[in-house]
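Text of the file structure_35.csv, holding CSV, N, CA and C atoms:
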```csv
chain,number,residue,atom,x,y,z
A,17,MET,N,40.7,51.4,-103.0
A,17,MET,CA,39.5,51.4,-103.8
A,17,MET,C,38.3,51.9,-103.0
A,18,LYS,N,37.3,52.3,-103.6
A,18,LYS,CA,36.1,52.8,-103.0
A,18,LYS,C,34.9,52.0,-103.4
A,19,LEU,N,34.1,51.6,-102.4
A,19,LEU,CA,33.0,50.7,-102.6
A,19,LEU,C,31.7,51.4,-102.1
A,20,SER,N,30.6,51.0,-102.6
A,20,SER,CA,29.3,51.4,-102.0
A,20,SER,C,28.6,50.1,-101.6
A,21,TYR,N,27.7,50.1,-100.6
A,21,TYR,CA,27.0,49.0,-100.1
A,21,TYR,C,25.8,49.4,-99.4
A,22,LEU,N,24.9,48.4,-99.3
A,22,LEU,CA,23.6,48.7,-98.6
A,22,LEU,C,23.6,47.8,-97.3
A,23,PRO,N,23.9,48.5,-96.1
A,23,PRO,CA,23.9,47.7,-94.9
A,23,PRO,C,22.6,46.9,-94.7
A,24,LEU,N,22.7,45.7,-94.1
A,24,LEU,CA,21.5,44.9,-93.8
A,24,LEU,C,20.5,45.7,-93.0
A,25,GLY,N,19.2,45.8,-93.4
A,25,GLY,CA,18.2,46.5,-92.6
A,25,GLY,C,18.2,48.0,-92.9
A,26,SER,N,19.0,48.5,-93.8
A,26,SER,CA,19.0,49.9,-94.1
A,26,SER,C,18.4,50.1,-95.5
A,27,LYS,N,18.0,51.3,-95.7
A,27,LYS,CA,17.5,51.7,-97.1
A,27,LYS,C,18.4,52.7,-97.8
A,28,LYS,N,19.5,53.0,-97.2
A,28,LYS,CA,20.4,54.0,-97.7
A,28,LYS,C,21.8,53.4,-97.9
A,29,PHE,N,22.3,53.6,-99.1
A,29,PHE,CA,23.7,53.1,-99.4
A,29,PHE,C,24.7,53.9,-98.7
A,30,LYS,N,25.8,53.2,-98.4
A,30,LYS,CA,27.0,53.9,-97.8
A,30,LYS,C,28.2,53.6,-98.6
A,31,THR,N,29.3,54.3,-98.4
A,31,THR,CA,30.5,54.1,-99.1
A,31,THR,C,31.6,53.7,-98.0
A,32,CYS,N,32.6,53.1,-98.5
A,32,CYS,CA,33.7,52.7,-97.7
A,32,CYS,C,35.0,52.5,-98.5
A,33,LYS,N,36.1,52.6,-97.9
A,33,LYS,CA,37.4,52.3,-98.5
A,33,LYS,C,37.7,50.8,-98.3
A,34,ALA,N,38.4,50.2,-99.2
A,34,ALA,CA,38.8,48.8,-99.1
A,34,ALA,C,40.0,48.5,-99.9
A,35,LYS,N,40.6,47.4,-99.7
A,35,LYS,CA,41.7,47.0,-100.6
A,35,LYS,C,41.5,45.5,-100.9
A,36,VAL,N,42.0,45.1,-102.0
A,36,VAL,CA,42.0,43.7,-102.4
A,36,VAL,C,43.4,43.2,-102.3
A,37,THR,N,43.6,42.1,-101.6
A,37,THR,CA,44.9,41.7,-101.3
A,37,THR,C,45.0,40.1,-101.1
A,38,CYS,N,46.2,39.6,-101.4
A,38,CYS,CA,46.5,38.2,-101.0
A,38,CYS,C,47.3,38.2,-99.7
A,39,GLU,N,47.6,39.4,-99.2
A,39,GLU,CA,48.5,39.5,-98.0
A,39,GLU,C,47.6,39.5,-96.7
A,40,HIS,N,46.6,38.7,-96.6
A,40,HIS,CA,45.7,38.6,-95.4
A,40,HIS,C,45.6,37.1,-95.1
A,41,SER,N,45.4,36.8,-93.8
A,41,SER,CA,45.3,35.4,-93.4
A,41,SER,C,44.0,34.7,-94.0
A,42,ALA,N,43.0,35.5,-94.4
A,42,ALA,CA,41.8,35.0,-95.0
A,42,ALA,C,42.0,34.5,-96.5
A,43,SER,N,43.1,35.0,-97.1
A,43,SER,CA,43.4,34.6,-98.4
A,43,SER,C,44.1,33.3,-98.4
A,44,SER,N,43.7,32.4,-99.4
A,44,SER,CA,44.4,31.1,-99.5
A,44,SER,C,44.6,30.8,-101.0
A,45,TYR,N,45.6,30.1,-101.2
A,45,TYR,CA,46.0,29.7,-102.6
A,45,TYR,C,46.1,30.9,-103.5
A,46,ASN,N,46.6,32.0,-103.0
A,46,ASN,CA,46.9,33.2,-103.7
A,46,ASN,C,45.6,33.8,-104.3
A,47,ILE,N,44.5,33.5,-103.7
A,47,ILE,CA,43.2,34.1,-104.2
A,47,ILE,C,43.0,35.4,-103.3
A,48,PRO,N,42.8,36.5,-103.9
A,48,PRO,CA,42.6,37.8,-103.2
A,48,PRO,C,41.3,37.8,-102.4
A,49,VAL,N,41.4,38.6,-101.3
A,49,VAL,CA,40.2,38.9,-100.5
A,49,VAL,C,40.0,40.4,-100.4
A,50,VAL,N,38.8,40.8,-100.1
A,50,VAL,CA,38.5,42.3,-100.0
A,50,VAL,C,38.6,42.6,-98.5
A,51,VAL,N,39.4,43.5,-98.1
A,51,VAL,CA,39.6,43.9,-96.7
A,51,VAL,C,39.1,45.4,-96.6
A,52,LEU,N,38.2,45.6,-95.7
A,52,LEU,CA,37.6,46.9,-95.5
A,52,LEU,C,38.6,47.7,-94.6
A,53,GLU,N,38.4,49.0,-94.6
A,53,GLU,CA,39.4,49.9,-93.8
A,53,GLU,C,39.4,49.6,-92.3
A,54,ASP,N,38.4,49.0,-91.8
A,54,ASP,CA,38.4,48.6,-90.4
A,54,ASP,C,39.0,47.3,-90.1
A,55,GLY,N,39.4,46.6,-91.2
A,55,GLY,CA,40.1,45.3,-91.1
A,55,GLY,C,39.2,44.1,-91.3
A,56,ASP,N,37.9,44.3,-91.4
A,56,ASP,CA,37.0,43.2,-91.7
A,56,ASP,C,37.2,42.7,-93.1
A,57,VAL,N,37.0,41.4,-93.3
A,57,VAL,CA,37.1,40.8,-94.7
A,57,VAL,C,35.7,40.5,-95.2
A,58,ILE,N,35.5,40.9,-96.4
A,58,ILE,CA,34.2,40.6,-97.1
A,58,ILE,C,34.2,39.3,-97.9
A,59,ASP,N,33.3,38.4,-97.6
A,59,ASP,CA,33.2,37.2,-98.4
A,59,ASP,C,32.2,37.4,-99.5
A,60,LYS,N,32.1,36.5,-100.3
A,60,LYS,CA,31.2,36.6,-101.5
A,60,LYS,C,29.7,36.7,-101.1
A,61,MET,N,29.3,36.0,-100.0
A,61,MET,CA,27.9,36.1,-99.6
A,61,MET,C,27.6,37.5,-99.1
A,62,THR,N,28.5,38.1,-98.3
A,62,THR,CA,28.3,39.5,-97.8
A,62,THR,C,28.3,40.4,-99.0
A,63,TRP,N,29.2,40.2,-100.0
A,63,TRP,CA,29.3,41.1,-101.2
A,63,TRP,C,27.9,41.1,-101.9
A,64,ILE,N,27.3,39.9,-102.0
A,64,ILE,CA,26.0,39.8,-102.7
A,64,ILE,C,24.9,40.4,-101.8
A,65,LEU,N,24.8,40.0,-100.6
A,65,LEU,CA,23.7,40.4,-99.7
A,65,LEU,C,23.6,41.9,-99.5
A,66,CYS,N,24.8,42.5,-99.3
A,66,CYS,CA,24.9,44.0,-99.1
A,66,CYS,C,25.0,44.8,-100.4
A,67,ARG,N,25.0,44.1,-101.5
A,67,ARG,CA,25.0,44.7,-102.8
A,67,ARG,C,26.2,45.6,-103.0
A,68,TYR,N,27.3,45.1,-102.7
A,68,TYR,CA,28.6,45.9,-102.8
A,68,TYR,C,28.8,46.2,-104.3
A,69,LYS,N,29.3,47.4,-104.6
A,69,LYS,CA,29.6,47.8,-106.0
A,69,LYS,C,30.9,48.6,-105.9
A,70,VAL,N,31.7,48.5,-106.9
A,70,VAL,CA,33.0,49.2,-107.0
A,70,VAL,C,32.7,50.6,-107.6
A,71,ILE,N,33.0,51.6,-106.8
A,71,ILE,CA,32.9,53.0,-107.3
A,71,ILE,C,34.2,53.5,-108.0
A,72,ASP,N,35.3,53.1,-107.4
A,72,ASP,CA,36.6,53.6,-107.9
A,72,ASP,C,37.6,52.5,-107.6
A,73,ALA,N,38.3,52.1,-108.6
A,73,ALA,CA,39.4,51.1,-108.4
A,73,ALA,C,40.4,51.2,-109.6
A,74,THR,N,41.6,50.8,-109.3
A,74,THR,CA,42.6,50.7,-110.3
A,74,THR,C,42.4,49.5,-111.2
A,75,PRO,N,42.9,49.5,-112.4
A,75,PRO,CA,42.8,48.3,-113.3
A,75,PRO,C,43.3,47.0,-112.6
A,76,GLU,N,44.4,47.2,-111.8
A,76,GLU,CA,44.9,46.0,-111.1
A,76,GLU,C,44.0,45.5,-110.0
A,77,GLU,N,43.3,46.4,-109.3
A,77,GLU,CA,42.3,46.0,-108.3
A,77,GLU,C,41.1,45.3,-109.0
A,78,ARG,N,40.7,45.9,-110.1
A,78,ARG,CA,39.5,45.2,-110.8
A,78,ARG,C,39.9,43.8,-111.3
A,79,LYS,N,41.1,43.7,-111.8
A,79,LYS,CA,41.6,42.4,-112.2
A,79,LYS,C,41.6,41.4,-111.0
A,80,ALA,N,42.1,41.8,-109.9
A,80,ALA,CA,42.2,41.0,-108.7
A,80,ALA,C,40.8,40.6,-108.2
A,81,LEU,N,39.8,41.5,-108.3
A,81,LEU,CA,38.4,41.3,-107.9
A,81,LEU,C,37.8,40.2,-108.9
A,82,GLN,N,38.1,40.3,-110.1
A,82,GLN,CA,37.7,39.3,-111.1
A,82,GLN,C,38.3,37.9,-110.8
A,83,ARG,N,39.6,37.9,-110.5
A,83,ARG,CA,40.2,36.6,-110.2
A,83,ARG,C,39.6,36.0,-109.0
A,84,ALA,N,39.2,36.8,-108.0
A,84,ALA,CA,38.6,36.3,-106.8
A,84,ALA,C,37.1,36.0,-106.9
A,85,GLY,N,36.5,36.3,-108.0
A,85,GLY,CA,35.1,36.0,-108.3
A,85,GLY,C,34.1,37.0,-107.8
A,86,PHE,N,34.6,38.2,-107.4
A,86,PHE,CA,33.7,39.3,-107.0
A,86,PHE,C,33.1,40.1,-108.1
A,87,LEU,N,33.8,40.1,-109.2
A,87,LEU,CA,33.2,40.8,-110.4
A,87,LEU,C,33.1,39.8,-111.6
A,88,GLY,N,32.1,39.9,-112.4
A,88,GLY,CA,31.9,39.0,-113.5
A,88,GLY,C,32.7,39.2,-114.7
```

Kindly transcribe the structure held in the file into structure tokens.
Amino acid sequence: MKLSYLPLGSKKFKTCKAKVTCEHSASSYNIPVVVLEDGDVIDKMTWILCRYKVIDATPEERKALQRAGFLG
């Protein structure tokens, strides 16, 4: 999936690739987490502070993001 975000202290949005998965040690109770292409995991606070938005995702990825609470 492809995301856009505003890095802290920046005025310009950037894009990155990510995946939503339950196959990461940060995932618990089968709740998906967002893993960036560099391996970092995004928590909900970072998602909100950096204004992450989904640019492109499959229906399955969107459903997983909703289940994890990243999308309303």

Problem set entry | Residues near range 37-46 of chain A, cut-off 8 Å, all atoms listed in the file, skip fewer than 6 positions along chain, as number ranges by chain | A: 57, 77, 80-81, 83-84

Save out the residues we just selected, N, CA and C atoms, as a CSV table (one decimal), keeping the file's coordinate frame.
```csv
chain,number,residue,atom,x,y,z
A,57,VAL,N,37.0,41.4,-93.3
A,57,VAL,CA,37.1,40.8,-94.7
A,57,VAL,C,35.7,40.5,-95.2
A,77,GLU,N,43.3,46.4,-109.3
A,77,GLU,CA,42.3,46.0,-108.3
A,77,GLU,C,41.1,45.3,-109.0
A,80,ALA,N,42.1,41.8,-109.9
A,80,ALA,CA,42.2,41.0,-108.7
A,80,ALA,C,40.8,40.6,-108.2
A,81,LEU,N,39.8,41.5,-108.3
A,81,LEU,CA,38.4,41.3,-107.9
A,81,LEU,C,37.8,40.2,-108.9
A,83,ARG,N,39.6,37.9,-110.5
A,83,ARG,CA,40.2,36.6,-110.2
A,83,ARG,C,39.6,36.0,-109.0
A,84,ALA,N,39.2,36.8,-108.0
A,84,ALA,CA,38.6,36.3,-106.8
A,84,ALA,C,37.1,36.0,-106.9
```

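Using only C-alpha atoms, the protein and nucleic acid residues lying no more than 10 Å from Pro23 in chain A, apart from those fewer than 5 places from it along its own chain, are Lys28, Phe29, Lys30, Thr62, Leu65, Cys66, Arg67 and Tyr68 of chain A.
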
Restricted to N, CA and C atoms, what would the selected residues look like written as a tab-separated table (two decimals), in the frame of the given file?
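Contents of the output file out_34.tsv:
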```tsv
chain	number	residue	atom	x	y	z
A	28	LYS	N	19.50	53.00	-97.20
A	28	LYS	CA	20.40	54.00	-97.70
A	28	LYS	C	21.80	53.40	-97.90
A	29	PHE	N	22.30	53.60	-99.10
A	29	PHE	CA	23.70	53.10	-99.40
A	29	PHE	C	24.70	53.90	-98.70
A	30	LYS	N	25.80	53.20	-98.40
A	30	LYS	CA	27.00	53.90	-97.80
A	30	LYS	C	28.20	53.60	-98.60
A	62	THR	N	28.50	38.10	-98.30
A	62	THR	CA	28.30	39.50	-97.80
A	62	THR	C	28.30	40.40	-99.00
A	65	LEU	N	24.80	40.00	-100.60
A	65	LEU	CA	23.70	40.40	-99.70
A	65	LEU	C	23.60	41.90	-99.50
A	66	CYS	N	24.80	42.50	-99.30
A	66	CYS	CA	24.90	44.00	-99.10
A	66	CYS	C	25.00	44.80	-100.40
A	67	ARG	N	25.00	44.10	-101.50
A	67	ARG	CA	25.00	44.70	-102.80
A	67	ARG	C	26.20	45.60	-103.00
A	68	TYR	N	27.30	45.10	-102.70
A	68	TYR	CA	28.60	45.90	-102.80
A	68	TYR	C	28.80	46.20	-104.30
```

Exercise. Range 32-77 of chain A: which residues are alpha helix (DSSP H) by DSSP, as a PyMOL selection string?
Worked result: chain A and resi 60-65+75-77

Seminar exercise, completed: Restricting to all atoms listed in the file, whichever of A:Ile47, A:Cys32, A:Leu19, A:Leu24 is closest to Ile71 in chain A is A:Leu19

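Note that DSSP on the backbone gives strand (DSSP E or B) to these residues of chain A: Lys18, Leu19, Ser20, Tyr21, Lys30, Thr31, Cys32, Lys33, Ala34, Lys35, Val36, Thr37, Val49, Val50, Val51, Leu52, Val57, Ile58, Lys69, Val70, Ile71 and Asp72 of chain A.
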
Exercise. Which of these, A:Leu22, A:Met17, A:Ala34, A:Val70, has the shortest distance to Val51 in chain A once you count all atoms listed in the file?
Worked result: A:Ala34

For this session: Would you work out the distance separating atom N of Met61 in chain A from atom N of Gly88 in chain A, expressed in Å to one decimal?
Result: 13.3 Å

Problem set entry | Shell around Thr31 in chain A at 7 Å using only C-alpha atoms, local window under 5 positions removed, as a ChimeraX atom specification | /A:18-21

With N, CA and C atoms retained, could you export that selection as a PDB file, keeping the file's coordinate frame?
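File produced: result.pdb:
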```pdb
ATOM      1  N   LYS A  18      37.300  52.300-103.600  1.00  0.00           N
ATOM      2  CA  LYS A  18      36.100  52.800-103.000  1.00  0.00           C
ATOM      3  C   LYS A  18      34.900  52.000-103.400  1.00  0.00           C
ATOM      4  N   LEU A  19      34.100  51.600-102.400  1.00  0.00           N
ATOM      5  CA  LEU A  19      33.000  50.700-102.600  1.00  0.00           C
ATOM      6  C   LEU A  19      31.700  51.400-102.100  1.00  0.00           C
ATOM      7  N   SER A  20      30.600  51.000-102.600  1.00  0.00           N
ATOM      8  CA  SER A  20      29.300  51.400-102.000  1.00  0.00           C
ATOM      9  C   SER A  20      28.600  50.100-101.600  1.00  0.00           C
ATOM     10  N   TYR A  21      27.700  50.100-100.600  1.00  0.00           N
ATOM     11  CA  TYR A  21      27.000  49.000-100.100  1.00  0.00           C
ATOM     12  C   TYR A  21      25.800  49.400 -99.400  1.00  0.00           C
TER      13      TYR A  21
END
```

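When atom C of Asp72 in chain A is paired with CA of Gly25 in chain A, their separation reads 25.2 Å.
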
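Across the structure, atom N of Lys60 in chain A and atom C of Lys33 in chain A are spaced 15.5 Å apart.
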